[in-house]
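Undergrad: The following block contains the structure, expressed as structure tokens.
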Amino acid sequence: MRLRSQLLLLIAASVLVPLAILLVLVREEMSVRLTEEYRDRVSALIASAEGRLRVEQADLVQGIGQLEGELAADPRLREWLGGDSSWTAVLPSIGDLAADRAGVDWFVLADGDGRAFLDSGWNSSSSNPAAQGPWSVPASLEASALRGSAAPGEAAASLNAGETAVDRPVILATSLVALQLTRLGETPVRLLAGRRLDDAFWSGLTSDPAMAAGLVVDGRLLAGRSLSGLSSDLDVTWMSETFAPGQASIRVAHDLGHLGTVLDSLDRWFLGAFLAMTVIGLFGAWLAANRFTRPVAQLADATASVELGHASPRFLATRRDEIGRLSRTMEAMVRRLRSSASRIRTAERKAALGDFARQANHDIKNGLTPISNVVSHLAEVSSDPRELSRVFAERSKSLDSGIAYLKELSGSYARISSHSDLRDMDMVPIIRETVSALAAADGRVHLTVPKSARAEVDPLGVRRIVENLVTNALDSLPARSGRVDVVLEHDGNRLQLRVKDNGAGIPEEIQERLFEDFFTTRAGGAGLGLSIVRRLVLDLNGSVRVASEPGHGAEFIVDIPTARH
């Protein structure tokens with residue numbers, strides 16, 4: 001993984017991950033606090049609704065007490081109860097008037113046996129369940145609704161400990177009801193009154209449009225309306241039309257949709273903030289990583305281009321940071337290496353000169369030995385002209401062979417000792433002319449060159465470099481097959497000459513010795529061709545190397561700077 005990628009991952013892990021965790025924790029904390037505050041507010045609203053319900057129940061109890069007084073104060077009702085049936089026709093109007101004054105929607109007045117003899121607020125007697133003949137009010141209803149009874153001892157015994165008459169509202173069908181046991185004159189009666197639970201009643205329990213109230217019996221909504229959200233139940237006593245008792249509740253609920261909207265908005269803001277921080281953080285990390293890795297990459301490229309025979313690459317020595325310090329150190333190191341390389345080159349030349357002197361001495365002795373033998377033989381027969389002529393004719397081939405050997409050796413040594421004449425010139429015509437002459441003799445040679453490639457070179461040295469490399473490449477090819485490609489490339493700072501063949505290749509152990517003087521793998525070879533190439537390239541401040549894989553040919557690469565330093 002590249003250093004820039006590592007820096008980006010490091011910054012992402014050290015900044016973005018903690019930021020994401022922080023935002024999640026802050027969101028959770030804000031969600032908890034907002035929910036708690038919302039629940040407190042909703043609980044207060046629900047408590048207010050419950051308080052209103054209890055006020056309604058207390059008002060009803062107060063109204064039934066007032067209704068009792070209105071009925072007890074009407075002499076016509078007392079006379080009717082005393083047996084005067086002439087008031088029967090006005091009983092409904094008496095009841096309606098009393099109900100209006102007491103503020104109840106309906107009431108039923110029954111005797112002690114539960115037979116209703118007066119009801120008000122109903123459209124017809126058939127719609128009033130309490131007016132359908134004798135009825136018996138359960139003790140639970142008396143205990144829950146009784147207040148100010150004419151028989152207080154009995155009522156008190158029906159109440160639970162600590163319970164008041166308004167602790168448990170009682171609902172008959174869809175009406176809030178209360179029961180009063182009293183006397184009208186000497187007649188014991190039961191007074192049952194109620195207020196209808198219509199939509200206005202349920203709406204009046206809630207002060208917030210997001211709230212709803214309704215009657216829930218056995219999990220079913222019988223009146224009012226319901227909604228999902230935070231809710232609270234107020235237990236009530238439920239009576240069906242047959243006065244069968246059961247448990248029910250008035251459920252007051254508050255919609256939490258606004259809280260969800262707030263949390264969704266919070267999530268969007270947090271997500272937007274995180275994405276913005278991610279983009280800004282990654283962009284900043286990229287800038288920081290690029291600012292750090294770019295000079296490192298430039299320094300690496302400059303270091304990779306360092307060659308002892310070439311001009312120094314451009315390091316970042318002008319920087320004032322650690323990169324600049326490293327650059328200056330590397331520049332000093334390259335100068336030292338170049339100085340050392342120059343001394344090593346001089347030492348190599350001296351060593352090569354010693355090797356050359358020994359090899360030349362050996363080669364000259366080999367060439368002079370047959371000549372010396374022939375001359376000695378001729379001296380022996382010099383007194384006899386006929387014998388001298390015969391021996392000369394017989395040994396002349398040995399003389400010619402020795403002289404030819406010395407001439408060839410002299411030519412090889414002349415190539416080694418030639419002097420470089422460096423000039424700024426275009427290499428393309430030289431290489432094109434040299435390769436064309438070789439290609440005319442062997443059609444397996446192919447050339448690729450640019451339009452122009454100027455450098456400070458020795459034209460004769462360039463010609464000898466190309467000749468030696470192409471000749472070696474042709475020698476490595478099988479007879480009448482294969483191909484040699486000569487390619488010249490120019491990138492502005494240096495020239496690169498590549499001579500590539502598709503022959504058998506060069507083993508790795510031999511590649512290390514190819515440029516040694518007098519090293520050869522061919523029978524009859526002098527071992528001077530590649531060593532001459534190496535010396536000529538060094539004279540141009542260039543470098544030569546070989547790349548080969550056995551079975552896939554070999555490629556000789558010559559790099560030459562475009563200007564001398």
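So you can find residues: chains in the structure tokens are A, B, ... in the order shown, residues in each start at 1, and ligands are numbered from 1 in order.
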Tell me which protein, DNA and RNA residues are within 10 Å of Arg101 of chain A, counting only C-alpha atoms, leaving out same-chain ones fewer than 4 positions away, and put them as an MDAnalysis selection string.

TA: chainID A and resid 63 66:67 70 95:97

Undergrad: Give me a file of those residues, with N, CA and C atoms, as a short mmCIF file (atom, residue, chain, number, x, y, z; two decimals), in the first residue's frame.

TA:
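As written to disk, selection06.cif reads:
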```cif
data_model
loop_
_atom_site.label_atom_id
_atom_site.label_comp_id
_atom_site.auth_asym_id
_atom_site.auth_seq_id
_atom_site.Cartn_x
_atom_site.Cartn_y
_atom_site.Cartn_z
N GLY A 63 -74.18 18.16 40.28
CA GLY A 63 -75.44 18.35 39.57
C GLY A 63 -76.53 17.43 40.05
N GLN A 66 -77.89 18.85 43.11
CA GLN A 66 -78.80 19.96 42.81
C GLN A 66 -80.12 19.43 42.26
N LEU A 67 -80.02 18.36 41.42
CA LEU A 67 -81.24 17.75 40.87
C LEU A 67 -82.12 17.20 41.99
N GLU A 70 -83.90 20.11 43.50
CA GLU A 70 -84.97 20.62 42.64
C GLU A 70 -86.20 19.72 42.71
N GLY A 95 -89.64 17.02 35.18
CA GLY A 95 -88.31 16.40 35.05
C GLY A 95 -87.39 17.18 34.13
N ASP A 96 -87.93 17.64 32.98
CA ASP A 96 -87.08 18.38 32.04
C ASP A 96 -86.57 19.67 32.66
N LEU A 97 -87.46 20.35 33.39
CA LEU A 97 -87.06 21.61 34.02
C LEU A 97 -85.98 21.36 35.07
#
```

Undergrad: Within 8 Å of segment 12-20 of chain A, counting only C-alpha atoms, which residues qualify if same-chain residues fewer than 4 places away don't, as a list in words?

TA: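 Counting only C-alpha atoms, the residues come to Leu8, Val24, Phe274, Met277, Thr278, Gly281 and Leu282 of chain A.
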
Undergrad: Go ahead and save the residues from that selection, with C-alpha atoms, as a PDB file, in the first residue's frame.

TA:
```pdb
ATOM      1  CA  LEU A   8      -5.433   8.729   4.383  1.00  0.00           C
ATOM      2  CA  VAL A  24     -23.758   8.885  17.483  1.00  0.00           C
ATOM      3  CA  PHE A 274     -20.568  14.169   9.241  1.00  0.00           C
ATOM      4  CA  MET A 277     -16.559  16.809   7.850  1.00  0.00           C
ATOM      5  CA  THR A 278     -15.705  13.646   5.928  1.00  0.00           C
ATOM      6  CA  GLY A 281     -11.244  15.869   6.378  1.00  0.00           C
ATOM      7  CA  LEU A 282     -10.399  13.628   3.421  1.00  0.00           C
TER       8      LEU A 282
END
```

Undergrad: Need to verify the contact set: His254 of chain A, 6 Å, only C-alpha atoms, exclusion of same-chain residues closer than 6 positions in sequence. Can you return it as a list in words?

TA: Ala210, Met211, Gly229 and Leu230 of chain A

Undergrad: Determine the nearest neighbour of Gly260 of chain A from the options A:Asn493, A:Ser376, A:Ser548, A:Thr35, counting only C-alpha atoms.

TA: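 Nearest to Gly260 of chain A: A:Thr35.
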
Undergrad: Using only C-alpha atoms, which residues sit within 12 Å of segment 454-462 of chain A once same-chain residues fewer than 5 positions away are excluded, as a PDB file with N, CA and C atoms, in the first residue's frame?

TA:
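Output below, filename part25.pdb:
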```
ATOM      1  N   ARG A 415      41.739  -0.372 -32.123  1.00  0.00           N
ATOM      2  CA  ARG A 415      40.370  -0.004 -31.724  1.00  0.00           C
ATOM      3  C   ARG A 415      40.295   0.303 -30.238  1.00  0.00           C
ATOM      4  N   ILE A 416      41.056  -0.410 -29.457  1.00  0.00           N
ATOM      5  CA  ILE A 416      41.034  -0.185 -28.016  1.00  0.00           C
ATOM      6  C   ILE A 416      41.635   1.158 -27.664  1.00  0.00           C
ATOM      7  N   SER A 417      42.633   1.548 -28.350  1.00  0.00           N
ATOM      8  CA  SER A 417      43.408   2.727 -27.961  1.00  0.00           C
ATOM      9  C   SER A 417      42.977   3.997 -28.688  1.00  0.00           C
ATOM     10  N   SER A 418      41.847   3.955 -29.399  1.00  0.00           N
ATOM     11  CA  SER A 418      41.454   5.147 -30.152  1.00  0.00           C
ATOM     12  C   SER A 418      41.060   6.271 -29.203  1.00  0.00           C
ATOM     13  N   HIS A 419      41.187   7.530 -29.678  1.00  0.00           N
ATOM     14  CA  HIS A 419      40.902   8.713 -28.876  1.00  0.00           C
ATOM     15  C   HIS A 419      39.522   9.255 -29.246  1.00  0.00           C
ATOM     16  N   SER A 420      38.749   9.656 -28.248  1.00  0.00           N
ATOM     17  CA  SER A 420      37.394  10.160 -28.471  1.00  0.00           C
ATOM     18  C   SER A 420      37.447  11.609 -28.916  1.00  0.00           C
ATOM     19  N   ASP A 421      36.624  11.921 -29.916  1.00  0.00           N
ATOM     20  CA  ASP A 421      36.494  13.284 -30.415  1.00  0.00           C
ATOM     21  C   ASP A 421      35.031  13.697 -30.227  1.00  0.00           C
ATOM     22  N   LEU A 422      34.717  14.330 -29.077  1.00  0.00           N
ATOM     23  CA  LEU A 422      33.333  14.627 -28.715  1.00  0.00           C
ATOM     24  C   LEU A 422      32.860  15.892 -29.397  1.00  0.00           C
ATOM     25  N   ARG A 423      31.660  15.805 -30.023  1.00  0.00           N
ATOM     26  CA  ARG A 423      31.060  16.958 -30.694  1.00  0.00           C
ATOM     27  C   ARG A 423      29.546  16.925 -30.468  1.00  0.00           C
ATOM     28  N   ASP A 424      28.936  18.130 -30.443  1.00  0.00           N
ATOM     29  CA  ASP A 424      27.482  18.228 -30.331  1.00  0.00           C
ATOM     30  C   ASP A 424      26.889  18.003 -31.712  1.00  0.00           C
ATOM     31  N   MET A 425      26.193  16.901 -31.887  1.00  0.00           N
ATOM     32  CA  MET A 425      25.707  16.545 -33.215  1.00  0.00           C
ATOM     33  C   MET A 425      24.472  15.674 -33.091  1.00  0.00           C
ATOM     34  N   ASP A 426      23.827  15.464 -34.212  1.00  0.00           N
ATOM     35  CA  ASP A 426      22.639  14.617 -34.304  1.00  0.00           C
ATOM     36  C   ASP A 426      23.078  13.177 -34.520  1.00  0.00           C
ATOM     37  N   MET A 427      22.676  12.306 -33.618  1.00  0.00           N
ATOM     38  CA  MET A 427      23.093  10.910 -33.692  1.00  0.00           C
ATOM     39  C   MET A 427      22.304  10.116 -34.720  1.00  0.00           C
ATOM     40  N   VAL A 428      21.131  10.606 -35.131  1.00  0.00           N
ATOM     41  CA  VAL A 428      20.262   9.812 -36.003  1.00  0.00           C
ATOM     42  C   VAL A 428      20.934   9.470 -37.325  1.00  0.00           C
ATOM     43  N   PRO A 429      21.556  10.430 -38.028  1.00  0.00           N
ATOM     44  CA  PRO A 429      22.203  10.050 -39.305  1.00  0.00           C
ATOM     45  C   PRO A 429      23.304   9.023 -39.123  1.00  0.00           C
ATOM     46  N   ILE A 430      24.093   9.138 -38.034  1.00  0.00           N
ATOM     47  CA  ILE A 430      25.188   8.187 -37.812  1.00  0.00           C
ATOM     48  C   ILE A 430      24.642   6.778 -37.628  1.00  0.00           C
ATOM     49  N   ILE A 431      23.635   6.676 -36.751  1.00  0.00           N
ATOM     50  CA  ILE A 431      23.082   5.346 -36.470  1.00  0.00           C
ATOM     51  C   ILE A 431      22.368   4.796 -37.691  1.00  0.00           C
ATOM     52  N   ARG A 432      21.639   5.669 -38.422  1.00  0.00           N
ATOM     53  CA  ARG A 432      20.927   5.195 -39.616  1.00  0.00           C
ATOM     54  C   ARG A 432      21.918   4.663 -40.660  1.00  0.00           C
ATOM     55  N   GLU A 433      23.042   5.393 -40.879  1.00  0.00           N
ATOM     56  CA  GLU A 433      24.037   4.960 -41.864  1.00  0.00           C
ATOM     57  C   GLU A 433      24.692   3.646 -41.443  1.00  0.00           C
ATOM     58  N   THR A 434      25.036   3.541 -40.161  1.00  0.00           N
ATOM     59  CA  THR A 434      25.707   2.325 -39.682  1.00  0.00           C
ATOM     60  C   THR A 434      24.795   1.118 -39.802  1.00  0.00           C
ATOM     61  N   VAL A 435      23.548   1.265 -39.333  1.00  0.00           N
ATOM     62  CA  VAL A 435      22.614   0.133 -39.369  1.00  0.00           C
ATOM     63  C   VAL A 435      22.240  -0.218 -40.799  1.00  0.00           C
ATOM     64  N   GLU A 467      28.053  -0.974 -34.226  1.00  0.00           N
ATOM     65  CA  GLU A 467      28.574  -2.125 -34.964  1.00  0.00           C
ATOM     66  C   GLU A 467      28.792  -3.323 -34.045  1.00  0.00           C
ATOM     67  N   ASN A 468      29.450  -3.093 -32.911  1.00  0.00           N
ATOM     68  CA  ASN A 468      29.740  -4.203 -31.998  1.00  0.00           C
ATOM     69  C   ASN A 468      28.463  -4.827 -31.460  1.00  0.00           C
ATOM     70  N   LEU A 469      27.503  -3.993 -31.024  1.00  0.00           N
ATOM     71  CA  LEU A 469      26.279  -4.538 -30.441  1.00  0.00           C
ATOM     72  C   LEU A 469      25.446  -5.289 -31.474  1.00  0.00           C
ATOM     73  N   LEU A 488      16.258   3.859 -31.101  1.00  0.00           N
ATOM     74  CA  LEU A 488      16.822   5.048 -30.471  1.00  0.00           C
ATOM     75  C   LEU A 488      15.668   5.906 -29.960  1.00  0.00           C
ATOM     76  N   GLU A 489      15.709   6.282 -28.688  1.00  0.00           N
ATOM     77  CA  GLU A 489      14.669   7.115 -28.084  1.00  0.00           C
ATOM     78  C   GLU A 489      15.316   8.332 -27.444  1.00  0.00           C
ATOM     79  N   HIS A 490      14.579   9.443 -27.443  1.00  0.00           N
ATOM     80  CA  HIS A 490      15.094  10.708 -26.933  1.00  0.00           C
ATOM     81  C   HIS A 490      14.023  11.332 -26.052  1.00  0.00           C
ATOM     82  N   ASP A 491      14.290  11.557 -24.731  1.00  0.00           N
ATOM     83  CA  ASP A 491      13.297  12.138 -23.822  1.00  0.00           C
ATOM     84  C   ASP A 491      13.662  13.547 -23.371  1.00  0.00           C
ATOM     85  N   GLY A 492      14.620  14.163 -23.992  1.00  0.00           N
ATOM     86  CA  GLY A 492      15.005  15.528 -23.641  1.00  0.00           C
ATOM     87  C   GLY A 492      16.217  15.600 -22.748  1.00  0.00           C
ATOM     88  N   ASN A 493      16.340  14.694 -21.785  1.00  0.00           N
ATOM     89  CA  ASN A 493      17.479  14.704 -20.858  1.00  0.00           C
ATOM     90  C   ASN A 493      18.547  13.677 -21.227  1.00  0.00           C
ATOM     91  N   ARG A 494      18.136  12.629 -21.902  1.00  0.00           N
ATOM     92  CA  ARG A 494      19.099  11.595 -22.251  1.00  0.00           C
ATOM     93  C   ARG A 494      18.627  10.844 -23.480  1.00  0.00           C
ATOM     94  N   LEU A 495      19.594  10.148 -24.105  1.00  0.00           N
ATOM     95  CA  LEU A 495      19.303   9.272 -25.230  1.00  0.00           C
ATOM     96  C   LEU A 495      19.394   7.828 -24.750  1.00  0.00           C
ATOM     97  N   GLN A 496      18.561   7.005 -25.332  1.00  0.00           N
ATOM     98  CA  GLN A 496      18.622   5.588 -24.991  1.00  0.00           C
ATOM     99  C   GLN A 496      18.645   4.789 -26.287  1.00  0.00           C
ATOM    100  N   LEU A 497      19.714   3.998 -26.428  1.00  0.00           N
ATOM    101  CA  LEU A 497      19.882   3.127 -27.589  1.00  0.00           C
ATOM    102  C   LEU A 497      19.681   1.689 -27.120  1.00  0.00           C
ATOM    103  N   ILE A 532      35.080  -3.011 -25.361  1.00  0.00           N
ATOM    104  CA  ILE A 532      35.260  -1.765 -26.117  1.00  0.00           C
ATOM    105  C   ILE A 532      33.999  -0.922 -26.024  1.00  0.00           C
ATOM    106  N   VAL A 533      32.809  -1.571 -26.141  1.00  0.00           N
ATOM    107  CA  VAL A 533      31.533  -0.845 -26.026  1.00  0.00           C
ATOM    108  C   VAL A 533      31.429  -0.171 -24.670  1.00  0.00           C
ATOM    109  N   ARG A 534      31.782  -0.911 -23.633  1.00  0.00           N
ATOM    110  CA  ARG A 534      31.686  -0.354 -22.280  1.00  0.00           C
ATOM    111  C   ARG A 534      32.595   0.865 -22.140  1.00  0.00           C
ATOM    112  N   ARG A 535      33.842   0.766 -22.642  1.00  0.00           N
ATOM    113  CA  ARG A 535      34.766   1.890 -22.503  1.00  0.00           C
ATOM    114  C   ARG A 535      34.294   3.092 -23.304  1.00  0.00           C
ATOM    115  N   LEU A 536      33.824   2.867 -24.521  1.00  0.00           N
ATOM    116  CA  LEU A 536      33.338   3.977 -25.340  1.00  0.00           C
ATOM    117  C   LEU A 536      32.132   4.664 -24.711  1.00  0.00           C
ATOM    118  N   VAL A 537      31.224   3.873 -24.103  1.00  0.00           N
ATOM    119  CA  VAL A 537      30.045   4.457 -23.442  1.00  0.00           C
ATOM    120  C   VAL A 537      30.473   5.256 -22.223  1.00  0.00           C
ATOM    121  N   LEU A 538      31.412   4.750 -21.459  1.00  0.00           N
ATOM    122  CA  LEU A 538      31.901   5.494 -20.300  1.00  0.00           C
ATOM    123  C   LEU A 538      32.544   6.813 -20.727  1.00  0.00           C
ATOM    124  N   ASP A 539      33.233   6.810 -21.872  1.00  0.00           N
ATOM    125  CA  ASP A 539      33.821   8.054 -22.358  1.00  0.00           C
ATOM    126  C   ASP A 539      32.749   9.100 -22.666  1.00  0.00           C
ATOM    127  N   LEU A 540      31.523   8.644 -22.930  1.00  0.00           N
ATOM    128  CA  LEU A 540      30.410   9.567 -23.198  1.00  0.00           C
ATOM    129  C   LEU A 540      29.615   9.882 -21.932  1.00  0.00           C
ATOM    130  N   ASN A 541      30.177   9.493 -20.749  1.00  0.00           N
ATOM    131  CA  ASN A 541      29.478   9.661 -19.467  1.00  0.00           C
ATOM    132  C   ASN A 541      28.145   8.915 -19.451  1.00  0.00           C
ATOM    133  N   GLY A 542      28.104   7.831 -20.194  1.00  0.00           N
ATOM    134  CA  GLY A 542      26.884   7.037 -20.240  1.00  0.00           C
ATOM    135  C   GLY A 542      27.017   5.740 -19.488  1.00  0.00           C
ATOM    136  N   VAL A 558      21.856   1.216 -23.862  1.00  0.00           N
ATOM    137  CA  VAL A 558      22.891   2.235 -23.695  1.00  0.00           C
ATOM    138  C   VAL A 558      22.197   3.560 -23.393  1.00  0.00           C
ATOM    139  N   ASP A 559      22.502   4.178 -22.242  1.00  0.00           N
ATOM    140  CA  ASP A 559      21.971   5.485 -21.865  1.00  0.00           C
ATOM    141  C   ASP A 559      23.080   6.524 -21.997  1.00  0.00           C
ATOM    142  N   ILE A 560      22.790   7.590 -22.735  1.00  0.00           N
ATOM    143  CA  ILE A 560      23.775   8.647 -22.970  1.00  0.00           C
ATOM    144  C   ILE A 560      23.134   9.988 -22.642  1.00  0.00           C
ATOM    145  N   PRO A 561      23.745  10.795 -21.753  1.00  0.00           N
ATOM    146  CA  PRO A 561      23.167  12.121 -21.467  1.00  0.00           C
ATOM    147  C   PRO A 561      23.270  13.026 -22.683  1.00  0.00           C
ATOM    148  N   THR A 562      22.325  13.969 -22.778  1.00  0.00           N
ATOM    149  CA  THR A 562      22.318  14.869 -23.935  1.00  0.00           C
ATOM    150  C   THR A 562      23.341  15.987 -23.810  1.00  0.00           C
ATOM    151  N   ALA A 563      23.834  16.231 -22.577  1.00  0.00           N
ATOM    152  CA  ALA A 563      24.846  17.286 -22.384  1.00  0.00           C
ATOM    153  C   ALA A 563      25.860  16.787 -21.384  1.00  0.00           C
ATOM    154  N   ARG A 564      27.108  17.174 -21.563  1.00  0.00           N
ATOM    155  CA  ARG A 564      28.163  16.738 -20.654  1.00  0.00           C
ATOM    156  C   ARG A 564      28.213  17.656 -19.443  1.00  0.00           C
ATOM    157  N   HIS A 565      28.565  17.088 -18.284  1.00  0.00           N
ATOM    158  CA  HIS A 565      28.676  17.845 -17.024  1.00  0.00           C
ATOM    159  C   HIS A 565      30.029  17.537 -16.412  1.00  0.00           C
TER     160      HIS A 565
END
```

Undergrad: Quick one: residues within 12 Å of Ala99 of chain A, only C-alpha atoms, excluding same-chain residues fewer than 2 positions away - as an MDAnalysis selection string?

TA: chainID A and resid 60 63:71 92:97 101:109 118:122 191:195
